[in-house]
>>> print(open('start-v2.txt').read())   # compact mmCIF, C-alpha atoms
# COMPACT_ATOMS: atom_id res chain seq x y z
CA MET C 1078 -49.38 15.19 27.08
CA THR C 1079 -53.04 15.38 26.08
CA ILE C 1080 -55.18 18.40 26.88
CA LEU C 1081 -57.39 16.28 29.15
CA ALA C 1082 -54.32 15.32 31.19
CA MET C 1083 -53.74 19.03 31.88
CA VAL C 1084 -57.24 19.58 33.26
CA THR C 1085 -57.08 19.80 37.04
CA PRO C 1086 -60.20 19.50 39.22
CA GLU C 1087 -60.10 23.29 39.62
CA LEU C 1088 -60.04 23.87 35.85
CA ARG C 1089 -62.84 21.38 35.34
CA ALA C 1090 -64.96 23.15 37.97
CA GLN C 1091 -64.35 26.52 36.29
CA MET C 1092 -65.38 25.24 32.85
CA LEU C 1093 -68.50 23.54 34.21
CA ALA C 1094 -69.48 26.69 36.10
CA HIS C 1095 -69.11 28.72 32.91
CA ALA C 1096 -71.20 26.18 30.97
CA GLU C 1097 -73.93 26.35 33.60
CA GLN C 1098 -73.86 30.15 33.58
CA GLU C 1099 -74.30 30.42 29.80
CA ALA C 1100 -76.81 27.59 29.29
CA PRO C 1101 -78.89 27.15 27.19
CA ASP C 1102 -76.35 28.95 24.95
CA GLU C 1103 -72.90 27.48 24.42
CA CYS C 1104 -70.09 28.90 26.51
CA CYS C 1105 -66.60 29.24 25.08
CA GLY C 1106 -63.12 29.97 26.33
CA LEU C 1107 -59.44 29.08 26.08
CA LEU C 1108 -56.92 27.00 27.96
CA VAL C 1109 -53.78 29.13 28.16
CA ARG C 1110 -50.29 28.80 29.58
CA PHE C 1111 -49.24 32.36 30.33
CA ASP C 1112 -45.62 33.46 30.06
CA GLY C 1113 -43.77 33.00 33.34
CA GLU C 1114 -46.36 30.58 34.74
CA GLN C 1115 -46.09 26.82 35.12
CA GLY C 1116 -49.76 25.92 35.21
CA VAL C 1117 -52.66 26.24 32.79
CA ARG C 1118 -55.52 28.72 33.15
CA TYR C 1119 -59.05 28.70 31.80
CA VAL C 1120 -59.95 32.06 30.26
CA PRO C 1121 -63.70 32.57 29.65
CA ALA C 1122 -64.54 34.35 26.41
CA VAL C 1123 -67.63 35.96 24.91
CA ASN C 1124 -69.73 33.86 22.57
CA GLU C 1125 -70.55 36.39 19.87
CA LEU C 1126 -73.50 34.27 18.69
CA GLU C 1127 -75.23 34.40 22.09
CA GLY C 1128 -78.72 35.78 21.68
CA HIS C 1129 -78.71 35.29 17.89
CA GLY C 1130 -80.78 32.11 17.95
CA GLU C 1131 -77.77 29.87 17.20
CA ARG C 1132 -77.77 27.91 20.45
CA ASP C 1133 -75.86 24.97 19.01
CA GLN C 1134 -72.95 27.14 17.85
CA PHE C 1135 -70.40 29.59 19.19
CA ARG C 1136 -68.05 32.24 17.86
CA LEU C 1137 -65.28 33.12 20.27
CA ASP C 1138 -64.55 36.84 20.37
CA PRO C 1139 -61.25 37.51 18.57
CA GLN C 1140 -60.05 40.09 21.10
CA THR C 1141 -59.79 37.51 23.89
CA PHE C 1142 -57.92 35.14 21.58
CA ALA C 1143 -55.46 37.85 20.51
CA GLN C 1144 -54.82 38.96 24.09
CA CYS C 1145 -54.11 35.38 25.20
CA GLU C 1146 -51.79 34.78 22.25
CA ASP C 1147 -49.85 37.94 23.13
CA ALA C 1148 -49.55 36.94 26.79
CA GLY C 1149 -48.72 33.25 26.42
CA GLU C 1150 -49.54 30.06 24.53
CA VAL C 1151 -53.11 29.12 23.63
CA LEU C 1152 -53.31 25.37 24.23
CA ALA C 1153 -56.94 24.61 23.39
CA VAL C 1154 -60.33 26.04 22.50
CA VAL C 1155 -63.10 25.13 24.96
CA HIS C 1156 -66.85 25.20 24.42
CA SER C 1157 -69.92 23.55 25.90
CA HIS C 1158 -72.74 21.41 24.58
CA PRO C 1159 -75.67 22.37 26.82
CA ASN C 1160 -78.26 19.64 27.32
CA ALA C 1161 -76.50 17.51 24.74
CA SER C 1162 -73.78 14.94 24.33
CA ALA C 1163 -70.18 16.12 24.40
CA HIS C 1164 -69.60 14.17 21.19
CA PRO C 1165 -68.17 16.52 18.52
CA SER C 1166 -70.46 17.64 15.71
CA MET C 1167 -69.27 18.10 12.14
CA ALA C 1168 -69.14 21.85 12.83
CA ASP C 1169 -66.83 21.14 15.78
CA ARG C 1170 -64.57 19.01 13.60
CA LYS C 1171 -64.40 21.69 10.94
CA GLY C 1172 -63.72 24.41 13.52
CA CYS C 1173 -60.97 22.34 15.09
CA GLU C 1174 -59.31 21.87 11.70
CA ASP C 1175 -59.67 25.59 10.89
CA THR C 1176 -57.99 26.70 14.13
CA GLY C 1177 -55.31 24.02 14.05
CA LEU C 1178 -55.70 23.68 17.82
CA PRO C 1179 -57.09 20.96 20.09
CA TRP C 1180 -60.69 21.52 21.18
CA LEU C 1181 -62.22 20.51 24.49
CA ILE C 1182 -65.98 19.97 24.56
CA VAL C 1183 -67.82 20.23 27.88
CA GLY C 1184 -71.13 18.42 28.21
CA TRP C 1185 -73.61 20.19 30.46
CA PRO C 1186 -75.02 19.05 32.84
CA SER C 1187 -73.36 15.66 32.33
CA GLY C 1188 -69.89 17.09 33.05
CA ALA C 1189 -68.36 14.93 30.33
CA LEU C 1190 -65.17 16.25 28.71
CA VAL C 1191 -64.19 15.20 25.18
CA GLU C 1192 -60.93 16.19 23.51
CA LEU C 1193 -60.79 16.73 19.76
CA GLY C 1194 -57.60 17.31 17.77
CA PRO C 1195 -56.90 18.51 14.21
CA LYS C 1196 -56.21 15.44 12.08
CA GLY C 1197 -57.00 16.57 8.55
CA TRP C 1198 -60.73 15.82 8.75
CA ALA C 1199 -62.94 17.23 5.99
CA ALA C 1200 -66.73 17.22 5.80
CA PRO C 1201 -68.14 14.96 3.06
CA LEU C 1202 -69.85 16.72 0.18
CA VAL C 1203 -72.92 14.50 0.61
CA GLY C 1204 -74.32 13.81 4.08
CA ARG C 1205 -72.81 16.73 6.01
CA GLN C 1206 -74.70 18.29 8.92
CA TYR C 1207 -76.08 21.83 8.62
CA HIS C 1208 -74.65 24.65 10.72
CA PHE C 1209 -75.34 28.19 9.48
CA GLY C 1210 -72.13 29.99 8.57
CA VAL C 1211 -70.00 26.90 9.22
CA LEU C 1212 -71.49 24.11 7.11
CA ASP C 1213 -74.20 25.55 4.87
CA CYS C 1214 -75.01 25.86 1.18
CA TYR C 1215 -72.18 28.33 0.48
CA THR C 1216 -69.64 26.28 2.45
CA LEU C 1217 -70.63 23.30 0.30
CA LEU C 1218 -70.05 25.42 -2.81
CA GLN C 1219 -66.62 26.45 -1.48
CA ASP C 1220 -65.64 22.85 -0.70
CA PHE C 1221 -66.83 21.54 -4.07
CA TYR C 1222 -64.85 24.17 -5.97
CA ARG C 1223 -61.72 23.64 -3.89
CA ARG C 1224 -61.77 19.84 -4.08
CA GLU C 1225 -63.17 19.26 -7.55
CA MET C 1226 -61.82 22.28 -9.43
CA GLY C 1227 -58.88 23.56 -7.42
CA ILE C 1228 -60.52 26.98 -7.03
CA SER C 1229 -60.63 28.79 -3.66
CA LEU C 1230 -63.70 30.97 -3.14
CA PRO C 1231 -63.69 33.84 -0.61
CA ASP C 1232 -65.85 33.70 2.48
CA PHE C 1233 -68.37 36.38 3.48
CA ASP C 1234 -70.58 37.18 6.44
CA ARG C 1235 -74.00 35.53 6.12
CA GLU C 1236 -75.87 37.68 8.67
CA GLY C 1237 -77.48 39.78 5.93
CA PHE C 1238 -79.58 36.79 4.91
CA ARG C 1239 -81.63 37.30 8.08
CA ALA C 1240 -82.61 40.76 6.80
CA GLY C 1241 -83.39 39.48 3.32
CA GLU C 1242 -80.32 40.97 1.64
CA PRO C 1243 -79.31 39.60 -1.82
CA LEU C 1244 -75.86 38.50 -0.65
CA TYR C 1245 -75.20 35.96 -3.38
CA ARG C 1246 -75.69 38.42 -6.20
CA ARG C 1247 -73.84 41.10 -4.25
CA HIS C 1248 -70.71 38.97 -3.74
CA MET C 1249 -70.85 37.02 -6.98
CA GLN C 1250 -68.27 39.01 -8.95
CA GLU C 1251 -65.72 39.22 -6.15
CA ALA C 1252 -65.92 35.41 -5.90
CA GLY C 1253 -65.05 35.20 -9.61
CA PHE C 1254 -68.50 34.42 -11.03
CA GLU C 1255 -70.45 35.96 -13.86
CA LEU C 1256 -74.16 35.68 -14.45
CA VAL C 1257 -74.72 33.65 -17.64
CA ALA C 1258 -78.49 33.30 -17.32
CA ASP C 1259 -81.03 35.38 -15.45
CA GLY C 1260 -84.67 34.69 -14.72
CA CYS C 1261 -86.80 31.65 -14.02
CA CYS C 1262 -87.67 28.65 -16.22
CA LEU C 1263 -84.07 28.16 -17.35
CA ASP C 1264 -83.10 25.71 -20.09
CA GLU C 1265 -81.28 22.81 -18.43
CA HIS C 1266 -79.41 22.06 -21.68
CA LEU C 1267 -77.45 25.31 -21.33
CA LEU C 1268 -75.92 24.19 -18.04
CA GLN C 1269 -72.35 22.98 -17.51
CA ARG C 1270 -70.95 20.97 -14.64
CA GLY C 1271 -69.90 23.38 -11.89
CA ASP C 1272 -72.47 26.05 -12.72
CA VAL C 1273 -73.98 27.69 -9.67
CA LEU C 1274 -77.76 27.73 -9.48
CA LEU C 1275 -79.21 30.77 -7.71
CA LEU C 1276 -82.36 29.55 -5.98
CA ARG C 1277 -85.20 31.00 -3.95
CA VAL C 1278 -86.49 28.88 -1.07
CA GLN C 1279 -89.50 30.40 0.70
CA SER C 1280 -88.36 33.76 -0.65
CA PRO C 1281 -90.32 35.66 -3.33
CA ASP C 1282 -87.61 38.02 -4.55
CA VAL C 1283 -84.17 37.15 -3.07
CA ASP C 1284 -81.81 34.34 -4.12
CA ASN C 1285 -81.16 32.82 -0.69
CA HIS C 1286 -79.89 29.35 -1.64
CA VAL C 1287 -77.23 28.02 -4.01
CA ALA C 1288 -76.63 24.64 -5.59
CA VAL C 1289 -73.90 23.26 -7.84
CA TYR C 1290 -74.98 21.69 -11.11
CA MET C 1291 -73.31 18.28 -11.27
CA GLY C 1292 -74.30 17.29 -14.81
CA ASP C 1293 -76.75 14.63 -16.04
CA GLY C 1294 -79.66 16.56 -14.51
CA TYR C 1295 -78.41 16.53 -10.90
CA MET C 1296 -77.49 19.29 -8.46
CA LEU C 1297 -75.60 19.27 -5.14
CA HIS C 1298 -76.95 21.46 -2.35
CA HIS C 1299 -77.46 21.88 1.39
CA LEU C 1300 -80.83 22.98 2.77
CA THR C 1301 -81.27 24.45 6.23
CA ASP C 1302 -81.38 21.83 9.01
CA GLN C 1303 -80.97 18.95 6.56
CA LEU C 1304 -78.04 16.84 5.38
CA SER C 1305 -76.38 17.91 2.15
CA ARG C 1306 -77.46 15.83 -0.83
CA LYS C 1307 -77.72 15.40 -4.58
CA ASP C 1308 -81.16 16.06 -6.05
CA ARG C 1309 -82.64 15.97 -9.51
CA PHE C 1310 -82.69 19.45 -11.02
CA ASP C 1311 -86.27 18.91 -12.10
CA HIS C 1312 -89.27 21.21 -12.46
CA PRO C 1313 -89.83 21.90 -8.71
CA TRP C 1314 -86.24 23.19 -8.49
CA GLN C 1315 -86.13 24.74 -11.95
CA ARG C 1316 -89.02 27.01 -11.07
CA ARG C 1317 -87.09 28.16 -7.97
CA CYS C 1318 -83.98 28.94 -10.04
CA PHE C 1319 -83.63 32.62 -10.96
CA GLY C 1320 -80.08 32.70 -12.25
CA VAL C 1321 -77.02 30.70 -13.26
CA ALA C 1322 -73.49 31.86 -12.44
CA ARG C 1323 -70.32 30.48 -14.01
CA HIS C 1324 -66.79 30.94 -12.69
CA LYS C 1325 -64.35 32.81 -14.93
CA VAL C 1326 -61.84 29.95 -14.66
CA VAL C 1327 -64.48 27.49 -15.82
CA MET C 1328 -65.35 29.83 -18.70
CA GLY C 1329 -61.75 29.61 -19.89
CA LYS C 1330 -61.83 25.82 -20.13
CA ALA C 1331 -62.73 24.00 -23.31
CA TRP C 1332 -66.02 22.68 -21.99
CA SER C 1333 -69.09 22.79 -24.17
CA ALA C 1334 -72.70 22.64 -23.15
CA PRO C 1335 -74.44 19.31 -23.83
CA GLN C 1336 -76.14 19.17 -27.23
>>> encode(input="start-v2.txt", output="structure tokens")
Amino acid sequence: MTILAMVTPELRAQMLAHAEQEAPDECCGLLVRFDGEQGVRYVPAVNELEGHGERDQFRLDPQTFAQCEDAGEVLAVVHSHPNASAHPSMADRKGCEDTGLPWLIVGWPSGALVELGPKGWAAPLVGRQYHFGVLDCYTLLQDFYRREMGISLPDFDREGFRAGEPLYRRHMQEAGFELVADGCCLDEHLLQRGDVLLLRVQSPDVDNHVAVYMGDGYMLHHLTDQLSRKDRFDHPWQRRCFGVARHKVVMGKAWSAPQ
């Protein structure tokens, strides 16, 4: 049975009421079958991103999820798309795959319900939508390293970027990288495929953007509110580059810099 087939008129009314209450932020919650009960309940949850300026995203509070798991079976994750189509975004597809659960998207005020299930979807390296903390420049770096090099990079909280913290340099070593060049005006001929370019975009003194050097003068990156893409690593980007990091696994391979 699909999740939509389980949604009674009462459940639908509850989800729509929650979406209306939280608009223009996204609401979120869970569909749960509690132990000893035959029916399904909608459990509203707290969107931890509410009030953080991320109105097209949500982060369901983990306490509600844990309590529902302890008391029954979590059947689906629910969230709303206020003043937008209920069609799933790339961030929704990634979140659905990460949880391994069906997702139900509630369009408000349209009342449309769209079910999304985990089917092995993966965001493309080029042309992915931007969602801070979900699909951003570091997520692109993680996906490139996992798919192209078989290396898993740890995740970290991005909130410090809002306060201008140097998170990339702070977490570089724990992710397995070492700084092989520091400072601006770097020599492109010293670069190897897979090197991480530490860039400054509208930031005078903090590396707040990363790109992957792809070889042949190109880099792969994902700017805020744009689709990910390959760009020439030419002078406009070279002057924004203030460091190059190389992974210790890559260092151990018999790759040599272009002559």
>>> residues_around(input="start-v2.txt", residues="Glu1127 (chain C)", least_positions_apart="2", cutoff="12 Å", atoms="only C-alpha atoms", output="CSV table (one decimal) with C-alpha atoms, in the frame of the given file")
chain,number,residue,atom,x,y,z
C,1099,GLU,CA,-74.3,30.4,29.8
C,1100,ALA,CA,-76.8,27.6,29.3
C,1101,PRO,CA,-78.9,27.2,27.2
C,1102,ASP,CA,-76.4,29.0,25.0
C,1103,GLU,CA,-72.9,27.5,24.4
C,1104,CYS,CA,-70.1,28.9,26.5
C,1105,CYS,CA,-66.6,29.2,25.1
C,1122,ALA,CA,-64.5,34.4,26.4
C,1123,VAL,CA,-67.6,36.0,24.9
C,1124,ASN,CA,-69.7,33.9,22.6
C,1125,GLU,CA,-70.6,36.4,19.9
C,1129,HIS,CA,-78.7,35.3,17.9
C,1130,GLY,CA,-80.8,32.1,18.0
C,1131,GLU,CA,-77.8,29.9,17.2
C,1132,ARG,CA,-77.8,27.9,20.4
C,1133,ASP,CA,-75.9,25.0,19.0
C,1134,GLN,CA,-73.0,27.1,17.8
C,1135,PHE,CA,-70.4,29.6,19.2
C,1136,ARG,CA,-68.0,32.2,17.9
C,1137,LEU,CA,-65.3,33.1,20.3
C,1138,ASP,CA,-64.6,36.8,20.4
>>> closest_residue(input="start-v2.txt", among="C:Ala1322, C:Asp1311, C:Gly1227, C:Val1257", to="Val1273 (chain C)", atoms="all atoms listed in the file")
C:Ala1322
>>> closest_residue(input="start-v2.txt", among="C:Thr1079, C:Ser1157, C:Ser1166, C:Ser1229", to="Ala1094 (chain C)", atoms="all atoms listed in the file")
C:Ser1157
>>> closest_residue(input="start-v2.txt", among="C:Gly1194, C:Gly1260, C:Gly1271, C:Pro1186", to="Val1283 (chain C)", atoms="all atoms listed in the file")
C:Gly1260
>>> residues_around(input="start-v2.txt", residues="Pro1195 (chain C)", least_positions_apart="4", cutoff="9 Å", atoms="only C-alpha atoms", output="list in words")
Arg1170, Lys1171, Cys1173, Glu1174, Asp1175, Thr1176, Gly1177, Leu1178, Pro1179 and Trp1180 of chain C
>>> atom_distance(input="start-v2.txt", atom1="CA of Arg1316 (chain C)", atom2="CA of Ala1258 (chain C)")
13.8 Å
>>> closest_residue(input="start-v2.txt", among="C:Arg1224, C:Arg1323, C:Lys1196, C:Arg1317", to="Arg1277 (chain C)", atoms="only C-alpha atoms")
C:Arg1317
>>> residues_around(input="start-v2.txt", residues="Trp1314 (chain C)", least_positions_apart="6", cutoff="10 Å", atoms="only C-alpha atoms", output="PyMOL selection string")
chain C and resi 1262+1274+1276-1278+1296+1308
>>> atom_distance(input="start-v2.txt", atom1="CA of Val1084 (chain C)", atom2="CA of Leu1126 (chain C)")
26.3 Å
>>> residues_near_point(input="start-v2.txt", point="(-69.6, 24.7, 31.4)", cutoff="8 Å", atoms="all atoms listed in the file", output="CSV table (one decimal) with C-alpha atoms, in the coordinates of the input")
chain,number,residue,atom,x,y,z
C,1091,GLN,CA,-64.4,26.5,36.3
C,1092,MET,CA,-65.4,25.2,32.8
C,1093,LEU,CA,-68.5,23.5,34.2
C,1094,ALA,CA,-69.5,26.7,36.1
C,1095,HIS,CA,-69.1,28.7,32.9
C,1096,ALA,CA,-71.2,26.2,31.0
C,1097,GLU,CA,-73.9,26.4,33.6
C,1098,GLN,CA,-73.9,30.2,33.6
C,1099,GLU,CA,-74.3,30.4,29.8
C,1104,CYS,CA,-70.1,28.9,26.5
C,1156,HIS,CA,-66.8,25.2,24.4
C,1157,SER,CA,-69.9,23.6,25.9
C,1159,PRO,CA,-75.7,22.4,26.8
C,1183,VAL,CA,-67.8,20.2,27.9
C,1184,GLY,CA,-71.1,18.4,28.2
C,1185,TRP,CA,-73.6,20.2,30.5
C,1186,PRO,CA,-75.0,19.0,32.8
C,1188,GLY,CA,-69.9,17.1,33.0
>>> residues_around(input="start-v2.txt", residues="Glu1236 (chain C)", least_positions_apart="4", cutoff="10 Å", atoms="only C-alpha atoms", output="list in words")
His1129, Phe1209, Gly1210, Ala1240, Gly1241, Glu1242 and Leu1244 of chain C
>>> atom_distance(input="start-v2.txt", atom1="CA of Phe1310 (chain C)", atom2="CA of His1266 (chain C)")
11.5 Å
>>> closest_residue(input="start-v2.txt", among="C:Gly1204, C:Gly1237, C:Pro1313, C:Gly1106", to="Gln1140 (chain C)", atoms="only C-alpha atoms")
C:Gly1106
>>> residues_near_point(input="start-v2.txt", point="(-61.5, 28.3, 28.4)", cutoff="7 Å", atoms="all atoms listed in the file", output="list in words")
Met1092, Cys1105, Gly1106, Leu1107, Leu1108, Tyr1119, Val1120, Pro1121, Val1154 and Val1155 of chain C
>>> closest_residue(input="start-v2.txt", among="C:Tyr1290, C:Val1327, C:Pro1243, C:Phe1111", to="Gln1315 (chain C)", atoms="only C-alpha atoms")
C:Tyr1290
>>> decode(input="start-v2.txt", residues="region 1118-1193 of chain C", atoms="C-alpha atoms", output="PDB file, in the first residue's frame")
ATOM      1  CA  ARG C1118      -1.268   9.247  13.050  1.00  0.00           C
ATOM      2  CA  TYR C1119       0.281  12.507  11.913  1.00  0.00           C
ATOM      3  CA  VAL C1120       2.820  13.773  14.451  1.00  0.00           C
ATOM      4  CA  PRO C1121       3.845  17.432  13.962  1.00  0.00           C
ATOM      5  CA  ALA C1122       7.526  18.132  14.561  1.00  0.00           C
ATOM      6  CA  VAL C1123       9.672  21.224  15.003  1.00  0.00           C
ATOM      7  CA  ASN C1124      11.441  22.575  11.936  1.00  0.00           C
ATOM      8  CA  GLU C1125      14.829  23.461  13.398  1.00  0.00           C
ATOM      9  CA  LEU C1126      15.547  25.788  10.454  1.00  0.00           C
ATOM     10  CA  GLU C1127      12.495  27.957  11.146  1.00  0.00           C
ATOM     11  CA  GLY C1128      13.563  31.556  11.580  1.00  0.00           C
ATOM     12  CA  HIS C1129      17.023  30.935  10.080  1.00  0.00           C
ATOM     13  CA  GLY C1130      16.187  32.382   6.678  1.00  0.00           C
ATOM     14  CA  GLU C1131      15.995  28.946   5.015  1.00  0.00           C
ATOM     15  CA  ARG C1132      12.321  29.041   4.064  1.00  0.00           C
ATOM     16  CA  ASP C1133      12.668  26.452   1.320  1.00  0.00           C
ATOM     17  CA  GLN C1134      14.186  23.846   3.658  1.00  0.00           C
ATOM     18  CA  PHE C1135      13.446  21.993   6.860  1.00  0.00           C
ATOM     19  CA  ARG C1136      15.313  20.001   9.483  1.00  0.00           C
ATOM     20  CA  LEU C1137      13.055  17.787  11.558  1.00  0.00           C
ATOM     21  CA  ASP C1138      14.017  17.760  15.232  1.00  0.00           C
ATOM     22  CA  PRO C1139      15.661  14.419  16.061  1.00  0.00           C
ATOM     23  CA  GLN C1140      13.928  14.071  19.434  1.00  0.00           C
ATOM     24  CA  THR C1141      10.492  13.733  17.839  1.00  0.00           C
ATOM     25  CA  PHE C1142      11.838  11.168  15.377  1.00  0.00           C
ATOM     26  CA  ALA C1143      13.469   9.116  18.147  1.00  0.00           C
ATOM     27  CA  GLN C1144      10.339   9.177  20.306  1.00  0.00           C
ATOM     28  CA  CYS C1145       8.165   7.997  17.411  1.00  0.00           C
ATOM     29  CA  GLU C1146      10.611   5.222  16.532  1.00  0.00           C
ATOM     30  CA  ASP C1147      10.555   4.028  20.143  1.00  0.00           C
ATOM     31  CA  ALA C1148       6.752   4.048  20.282  1.00  0.00           C
ATOM     32  CA  GLY C1149       5.946   2.521  16.895  1.00  0.00           C
ATOM     33  CA  GLU C1150       6.856   2.492  13.208  1.00  0.00           C
ATOM     34  CA  VAL C1151       7.716   5.669  11.317  1.00  0.00           C
ATOM     35  CA  LEU C1152       6.048   5.271   7.927  1.00  0.00           C
ATOM     36  CA  ALA C1153       6.909   8.554   6.215  1.00  0.00           C
ATOM     37  CA  VAL C1154       8.443  11.993   6.585  1.00  0.00           C
ATOM     38  CA  VAL C1155       6.055  14.867   5.817  1.00  0.00           C
ATOM     39  CA  HIS C1156       6.882  18.454   4.937  1.00  0.00           C
ATOM     40  CA  SER C1157       5.221  21.348   3.150  1.00  0.00           C
ATOM     41  CA  HIS C1158       6.069  23.532   0.182  1.00  0.00           C
ATOM     42  CA  PRO C1159       4.446  26.861   1.076  1.00  0.00           C
ATOM     43  CA  ASN C1160       3.364  28.964  -1.895  1.00  0.00           C
ATOM     44  CA  ALA C1161       5.050  26.504  -4.235  1.00  0.00           C
ATOM     45  CA  SER C1162       4.458  23.337  -6.178  1.00  0.00           C
ATOM     46  CA  ALA C1163       4.465  20.056  -4.281  1.00  0.00           C
ATOM     47  CA  HIS C1164       6.893  18.702  -6.876  1.00  0.00           C
ATOM     48  CA  PRO C1165      10.023  17.362  -5.102  1.00  0.00           C
ATOM     49  CA  SER C1166      13.204  19.411  -5.311  1.00  0.00           C
ATOM     50  CA  MET C1167      16.644  17.846  -5.606  1.00  0.00           C
ATOM     51  CA  ALA C1168      17.090  18.493  -1.879  1.00  0.00           C
ATOM     52  CA  ASP C1169      13.892  16.517  -1.240  1.00  0.00           C
ATOM     53  CA  ARG C1170      15.155  13.633  -3.356  1.00  0.00           C
ATOM     54  CA  LYS C1171      18.476  13.594  -1.539  1.00  0.00           C
ATOM     55  CA  GLY C1172      16.776  13.769   1.869  1.00  0.00           C
ATOM     56  CA  CYS C1173      14.450  10.935   0.945  1.00  0.00           C
ATOM     57  CA  GLU C1174      17.401   8.765  -0.075  1.00  0.00           C
ATOM     58  CA  ASP C1175      19.312   9.681   3.110  1.00  0.00           C
ATOM     59  CA  THR C1176      16.424   8.687   5.395  1.00  0.00           C
ATOM     60  CA  GLY C1177      15.489   5.579   3.433  1.00  0.00           C
ATOM     61  CA  LEU C1178      11.829   6.415   4.068  1.00  0.00           C
ATOM     62  CA  PRO C1179       8.971   7.593   1.845  1.00  0.00           C
ATOM     63  CA  TRP C1180       8.388  11.342   1.907  1.00  0.00           C
ATOM     64  CA  LEU C1181       5.055  13.113   1.547  1.00  0.00           C
ATOM     65  CA  ILE C1182       5.120  16.687   0.258  1.00  0.00           C
ATOM     66  CA  VAL C1183       2.192  18.977   1.031  1.00  0.00           C
ATOM     67  CA  GLY C1184       1.596  21.923  -1.279  1.00  0.00           C
ATOM     68  CA  TRP C1185       0.172  24.963   0.470  1.00  0.00           C
ATOM     69  CA  PRO C1186      -2.310  26.455  -0.241  1.00  0.00           C
ATOM     70  CA  SER C1187      -2.969  24.155  -3.213  1.00  0.00           C
ATOM     71  CA  GLY C1188      -3.501  21.137  -0.936  1.00  0.00           C
ATOM     72  CA  ALA C1189      -1.671  18.876  -3.379  1.00  0.00           C
ATOM     73  CA  LEU C1190       0.012  15.793  -1.913  1.00  0.00           C
ATOM     74  CA  VAL C1191       2.978  14.164  -3.657  1.00  0.00           C
ATOM     75  CA  GLU C1192       4.607  10.939  -2.499  1.00  0.00           C
ATOM     76  CA  LEU C1193       8.326  10.383  -2.996  1.00  0.00           C
TER      77      LEU C1193
END
